[in-house]
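J.: Take a look at the following structure, please.
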4 protein chains.
Amino acid sequence: MKYSFRSDYREIAHTQVLQALSAVGNAQFDGYGLDEFSIRAGEMVREKISAPSAGVHFVSGGTLANLTVISSALRPYEAVIAPESGHIFMHETGAIEATGHKVCTAKGENGKLCADDIESIVSFHSDEHMVKPRIVYISQSTETGNVYTKAELTGISECCRKNNLYLFLDGARLGAAVNSPACDLTYADIAALTDVFYIGGTKNGALFGEAIVICADELKENFRYHMKQKGALLAKGAAISVQFDAILRDGLYDELACHANRMAFKMAEGIEKAGYGFLFPVETNLIVPVLPCEALSGLRKLYGFYDWEIFEDTAAVRFVTSWATPESKVDEFLFDLAGLL
Amino acid sequence: MKYSFRSDYREIAHTQVLQALSAVGNAQFDGYGLDEFSIRAGEMVREKISAPSAGVHFVSGGTLANLTVISSALRPYEAVIAPESGHIFMHETGAIEATGHKVCTAKGENGKLCADDIESIVSFHSDEHMVKPRIVYISQSTETGNVYTKAELTGISECCRKNNLYLFLDGARLGAAVNSPACDLTYADIAALTDVFYIGGTKNGALFGEAIVICADELKENFRYHMKQKGALLAKGAAISVQFDAILRDGLYDELACHANRMAFKMAEGIEKAGYGFLFPVETNLIVPVLPCEALSGLRKLYGFYDWEIFEDTAAVRFVTSWATPESKVDEFLFDLAGLL
Amino acid sequence: MKYSFRSDYREIAHTQVLQALSAVGNAQFDGYGLDEFSIRAGEMVREKISAPSAGVHFVSGGTLANLTVISSALRPYEAVIAPESGHIFMHETGAIEATGHKVCTAKGENGKLCADDIESIVSFHSDEHMVKPRIVYISQSTETGNVYTKAELTGISECCRKNNLYLFLDGARLGAAVNSPACDLTYADIAALTDVFYIGGTKNGALFGEAIVICADELKENFRYHMKQKGALLAKGAAISVQFDAILRDGLYDELACHANRMAFKMAEGIEKAGYGFLFPVETNLIVPVLPCEALSGLRKLYGFYDWEIFEDTAAVRFVTSWATPESKVDEFLFDLAGLL
Amino acid sequence: MKYSFRSDYREIAHTQVLQALSAVGNAQFDGYGLDEFSIRAGEMVREKISAPSAGVHFVSGGTLANLTVISSALRPYEAVIAPESGHIFMHETGAIEATGHKVCTAKGENGKLCADDIESIVSFHSDEHMVKPRIVYISQSTETGNVYTKAELTGISECCRKNNLYLFLDGARLGAAVNSPACDLTYADIAALTDVFYIGGTKNGALFGEAIVICADELKENFRYHMKQKGALLAKGAAISVQFDAILRDGLYDELACHANRMAFKMAEGIEKAGYGFLFPVETNLIVPVLPCEALSGLRKLYGFYDWEIFEDTAAVRFVTSWATPESKVDEFLFDLAGLL
């Protein structure tokens with residue numbers, strides 16, 4: 001196989017991340033995220049998002065972030081609202097339910113919820129015979145590669161505040177979203193409009209790790225207890241924070257995300273020029289073109305990607321580019337595609 | 001402070017581990033532990049423990065390993081047996097109970113359970129008004145730095161098989177245990193005598209990560225579902241397995257553990273020569289001497305360590321050496337101690 | 001208000017039930033369902049359903065029956081399949097999720113699942129990133145008052161066996177279902193086609209109580225442990241079993257269900273004659289006619305019932321008759337309705 | 001067997017309870033505890049305990065009361081403190097752990113905790129690596145038949161308030177306790193000194209049912225959601241409240257408890273006169289005499305009771321009298337005992 005476009009977690013880590021880890025040398029540090037690296041990385045996060053009093057915690061992966069945050073925010077009878085395509089509903093093996101909570105869903109569009117979806121779920125859950133929705137889960141960017149605009153996120157945020165709902169934004173691909181031309185939101189906007197979110201490292205240059213950011217005061221209390229109980233409090237917290245120090249330094253995080261987006265846009269442009277369309281708007285590093293099955297069967301021998309939906313003579317397939325995708329591979333792909341169409 | 005003997009997770013990682021991560025370069029690999037690095041590291045583990053059909057899974061930390069393994073083995077009404085000092089009972093914020101299961105304890109000695117402890121817990125739980133013990137949790141080495149001998153582990157193993165109990169060994173410090181002069185167990189013995197255990201990386205040279213080894217066939221089935229649900233299935237599984245490849249290669253893992261033990265033994269020897277004793281037998285890299293409070297108040301300014309128990313004029317304190325502890329720091333410590341006594 | 005048709009749990013209990021409780025007098029009995037009344041009532045259940053080796057357990061209510069049965073059948077990562085209208089999905093405040101399990105739903109028709117619904121949910125859940133469906137939950141009769149026929153239940157049963165799924169039938173209104181002219185299933189058929197079900201007492205003459213019937217051997221083991229853990233093992237088990245003895249004796253259970261059905265059918269006939277239709281086929285004691293809003297606003301002052309769905313000038317409303325509904329109240333209702341139309 | 005002294009839940013119900021149920025006739029009532037019977041019984045409870053703003057909820061049994069109350073009061077990482085003999089720790093099959101919470105225990109004396117026990121558990125749980133105790137569970141009377149005095153309960157209550165702990169009193173045998181000569185607490189005292197407790201019906205004349213009383217405002221909110229989720233919200237709430245109306249009327253509840261106590265005291269007096277002692281002070285309807293094994297082997301053929309602890313030639317055995325124990329049976333027992341000694 002020439003190259004895999006299956007996902008953006010298929011390369012180990014950016015050189016600067018590995019160098020930062022090496023640079024620690026034999027320095028000793030405190031355990032469980034109380035070390036100076038973690039304190040400094042926390043400061044860097046707070047600065048990046050212009051939220052000086054936010055709580056920042058580093059965990060090893062997205063599912064662990066999602067289940068720890070959501071279960072920490074809910075009383076037993078409370079539930080989370082998510083789009084049907086939401087990662088917590090579709091691809092986390094019932095991790096939220098395993099903490100005791102129901103996920104209430106709305107269909108959504110382009111992986112996004114809107115304020116109306118939320119309102120109608122809230123008003124449907126009217127009494128003690130039903131769960132009580134208390135937190136809204138959204139992803140930025142979404143499972144379909146799309147982004148919430150400032151107007152959209154503001155609408156959701158207002159709807160949440162009105163309905164006494166926390167707003168949680170899964171930022172596994174936050175870099176790709178914020179650096180999308182379709183997105184007019186800054187990190188500071190996101191911190192201001194949500195109660196809790198995370199900045200994904202795993203899919204944007206880090207070896208592993210996500211930075212959970214808690215904006216709402218009532219969610220901050222005793223969060224480390226929740227982390228420890230769920231196995232999310234790494235003994236060597238520095239192992240993650242040193243990485244965040246590296247990727248947040250000198251704009252690397254956004255640079256890497258821009259690169260990933262640019263590679264996807266170049267692919268998309270080539271596909272469009274060849275006369276083919278997309279299942280969802282092209283906005284970030286995840287694109288879903290609809291291509292002829294015949295061409296796809298040739299492509300499959302050369303490149304890795306996932307099937308999304310099979311139609312009659314065509315199929316929608318998912319391509320994801322990453323911070324590490326070489327432009328030459330994109331060019332090669334487009335050349336090979338042209339030969340197969 | 002001159003040096004911290006607080007724990008063995010206070011240095012980032014062995015150089016060879018970081019080099020191995022760097023050596024991956026831009027190679028692409030499959031996600032979720034299905035990559036070639038993970039397959040190879042799994043093979044290396046199986047070879048090391050002489051258990052060719054064991055299941056091997058890499059997770060990010062000890063609490064996550066413990067809660068995933070234990071909850072995967074139990075039906076809702078079943079419980080785990082542990083010594084009172086067991087990490088799952090004392091220092092994991094109710095992580096096991098959060099998965100729905102009671103931890104039944106026996107006092108134990110030197111952090112160890114014996115077959116009689118287990119028998120009496122089993123016979124006490126006689127009907128459906130009580131939980132049903134189904135898995136035994138022990139640590140090797142224990143929270144007091146002690147080790148099970150082959151005779152002891154065999155006794156427990158036979159007791160478990162007789163009573164239809166799984167035996168789970170927490171190996172956060174397995175290297176220190178196996179390389180202890182007090183321990184006549186090989187890795188192969190441990191694999192043969194337990195149903196599931198883990199080989200700790202975090203405390204023995206790795207940046208982070210533990211290798212769960214499943215020996216009993218009925219515990220293997222669908223274990224990846226359990227991992228995913230608990231947030232323990234890292235998207236970049238290779239991030240751990242590449243490290244295990246490095247520490248298991250050329251005997252590095254045992255070499256590092258031996259070093260940690262040797263440093264502790266040197267400290268212990270010096271303390272003993274100075275006329276002081278220990279709360280528990282000195283067997284691995286964790287020692288608990290009983291020293292005069294006056295000397296300790298001086299030591300505290302120079303070295304990091306934990307209080308264990310305060311007596312009248314003396315106190316028991318915990319020192320832990322690591323794979324990275326320089327011998328010079330031990331020498332310095334003994335010199336300073338001598339000056340304070 | 002003249003009469004409430006809101007539900008079938010709004011009268012205390014059939015006289016024979018209360019007489020049976022009184023007849024116990026000061027007789028002493030064993031605790032926790034191990035008494036002779038419970039043994040005898042268990043026998044009566046087994047006889048009624050022609051399943052001599054079924055396990056029979058009495059619990060106080062439907063939600064407790066549902067959550068105890070479902071959680072007893074599942075490993076942590078396994079899930080239940082239910083129709084969207086299913087009581088466990090809609091009206092039990094996340095009781096199933098609180099035991100750690102996801103409820104996967106299909107839209108269904110008339111509150112019923114079909115084999116195709118199940119197949120497509122099973123095939124959609126393909127790997128360890130998703131829960132694994134393991135039990136199917138259906139209600140007989142359904143939340144819309146409809147019944148599975150023998151052909152339908154056989155189809156589901158075969159589909160379950162093929163896909164390694166347990167089949168659980170919620171029989172809160174089993175009497176109404178089995179005694180429906182639309183239903184060609186006997187109690188014995190239900191026992192033969194399902195793995196576990198319950199016979200509802202609360203809604204059919206008992207003061208309270210449901211009889212859980214376990215047909216599949218592997219679900220029988222240690223079920224009392226599950227019951228005790230969930231608070232479902234009543235100290236005075238006889239308090240329920242004495243009631244089941246009374247309602248199962250001399251055909252009373254079916255007689256009461258037939259009466260409830262007959263009252264509903266009479267209401268339905270009158271409504272139909274007046275020219276109005278129904279949202280779902282009229283098959284049991286729960287009917288959902290669509291009536292003019294103007295007439296409904298008059299009816300509301302005289303009778304209790306629930307709104308189902310509001311249309312333009314009409315609305316669908318739910319009427320439920322019970323074992324205790326006097327025919328005179330139905331006559332009065334139809335007379336009043338005629339006056340309002 | 002002549003008579004069983006095994007427990008106080010071995011007779012069906014007091015005649016007045018069954019008559020009250022019969023007196024309901026065909027009256028229709030609202031579902032889920034919103035009916036007039038429940039409202040009135042709630043008022044009667046509030047009046048009895050002189051707590052006009054207490055929340056009152058009726059549930060079917062003790063384990064269900066315990067698990068619903070405790071899980072409703074706790075965040076995921078919080079724990080309950082109980083004596084080792086506490087029913088929730090010993091005889092509820094891990095029901096509390098199944099809701100996700102650890103039970104921290106102190107040895108206690110006569111089944112009782114004291115303020116010091118609580119203080120030392122609280123101070124031991126010092127950081128996020130351990131659970132955070134948040135509610136104290138005690139029983140009145142205890143599993144050994146003993147009672148907290150006003151001074152003792154006041155001490156515990158003050159300790160709880162000081163340490164930000166809720167105080168929950170399991171009153172399965174509250175009648176026996178309050179009516180014990182060793183107890184100087186009134187129902188009003190208990191309401192004033194605890195945050196939540198329950199008044200046991202099952203063991204004191206009711207067919208089944210316990211009345212949960214919530215005194216602390218923050219525990220009242222949304223309690224019905226918790227009840228519904230745990231299967232504790234009976235569709236026919238009136239089935240319990242009608243019973244409480246009957247047993248709380250005209251002092252019947254206390255009268256029945258006094259009778260049970262008197263029967264036990266008579267037994268105890270006879271045993272004492274015969275020269276035998278007790279494992280615990282004789283204070284309520286549960287007594288644990290130490291008798292010669294030889295006499296016991298004869299007694300066992302005539303009377304039902306439980307073994308508590310076997311010594312050399314003697315054994316401690318548990319006798320429980322109930323509201324229904326005929327005095328003639330006690331006389332007969334003492335006569336038979338005399339013949340066997």
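Just so we're on the same page: first chain in the structure tokens is A, next is B, and so on; residues restart at 1 for each chain, and ligands are numbered from 1 in the order they show up.
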Using only C-alpha atoms, determine which residues lie at most 7 Å from Lys132 in chain B, disregarding the query and same-chain residues fewer than 6 positions distant; provide the list as a list in words.
T.: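 Counting only C-alpha atoms, the residues come to Tyr77, Glu78, Ala79 and His125 of chain B.
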J.: Write out as a ChimeraX atom specification every residue belonging to chain B that has an atom at most 6 Å from any atom of chain A, counting only C-alpha atoms.
T.: /B:10-11,26,28-29,63-64,92-93,95,229,231
J.: Between CA of Ser328 in chain B and CA of Ile199 in chain B, what is the distance, to one decimal in Å?
T.: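 About the pair CA of Ser328 in chain B and CA of Ile199 in chain B: they are 28.6 Å apart.
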J.: What's the 12 Å shell around Val45 in chain C, counting only C-alpha atoms, without same-chain residues fewer than 2 positions away, as a ChimeraX atom specification?
T.: /C:38-43,47-58,187-188,191,197-200,210-214,241,244-249,253
J.: Residues of range 72-202 of chain A classed as strand (DSSP E or B) by DSSP on the backbone are to be reported as a PyMOL selection string.
T.: chain A and resi 78-83+103-106+109+112+132-139+166-170+196-200
J.: Near Leu193 in chain C, within 10 Å and counting only C-alpha atoms, which residues show up once chain neighbours fewer than 6 positions away are dropped, as a ChimeraX atom specification?
T.: /C:150,153-158,160-161,167-169,187,215
J.: Based on the selection just made, write C-alpha atoms of those residues as a tab-separated table (two decimals), in the first residue's frame.
T.:
```tsv
chain	number	residue	atom	x	y	z
C	150	LYS	CA	-47.50	-16.64	17.15
C	153	LEU	CA	-43.03	-14.13	18.10
C	154	THR	CA	-41.70	-17.26	16.42
C	155	GLY	CA	-39.89	-15.09	13.88
C	156	ILE	CA	-38.28	-13.04	16.61
C	157	SER	CA	-37.43	-16.11	18.64
C	158	GLU	CA	-35.70	-17.77	15.71
C	160	CYS	CA	-32.64	-14.39	18.50
C	161	ARG	CA	-31.45	-17.96	18.63
C	167	LEU	CA	-35.36	-12.97	24.29
C	168	PHE	CA	-37.06	-11.21	27.20
C	169	LEU	CA	-40.77	-10.50	27.15
C	187	TYR	CA	-48.79	-19.07	27.90
C	215	CYS	CA	-36.86	-20.55	30.83
```
J.: Could you jot down the CA of Tyr276 in chain A to CA of Asn146 in chain A separation for me, Å, one decimal place?
T.: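 If I compute the distance from CA of Tyr276 in chain A to CA of Asn146 in chain A, I get 18.8 Å.
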J.: Could you pull out all residues of range 108-274 of chain D with a DSSP call of helix (DSSP H, G or I) and give them as an NGL selection string?
T.: :D and (115-124 or 150-162 or 174-178 or 187-193 or 217-220 or 223-229 or 238-273)
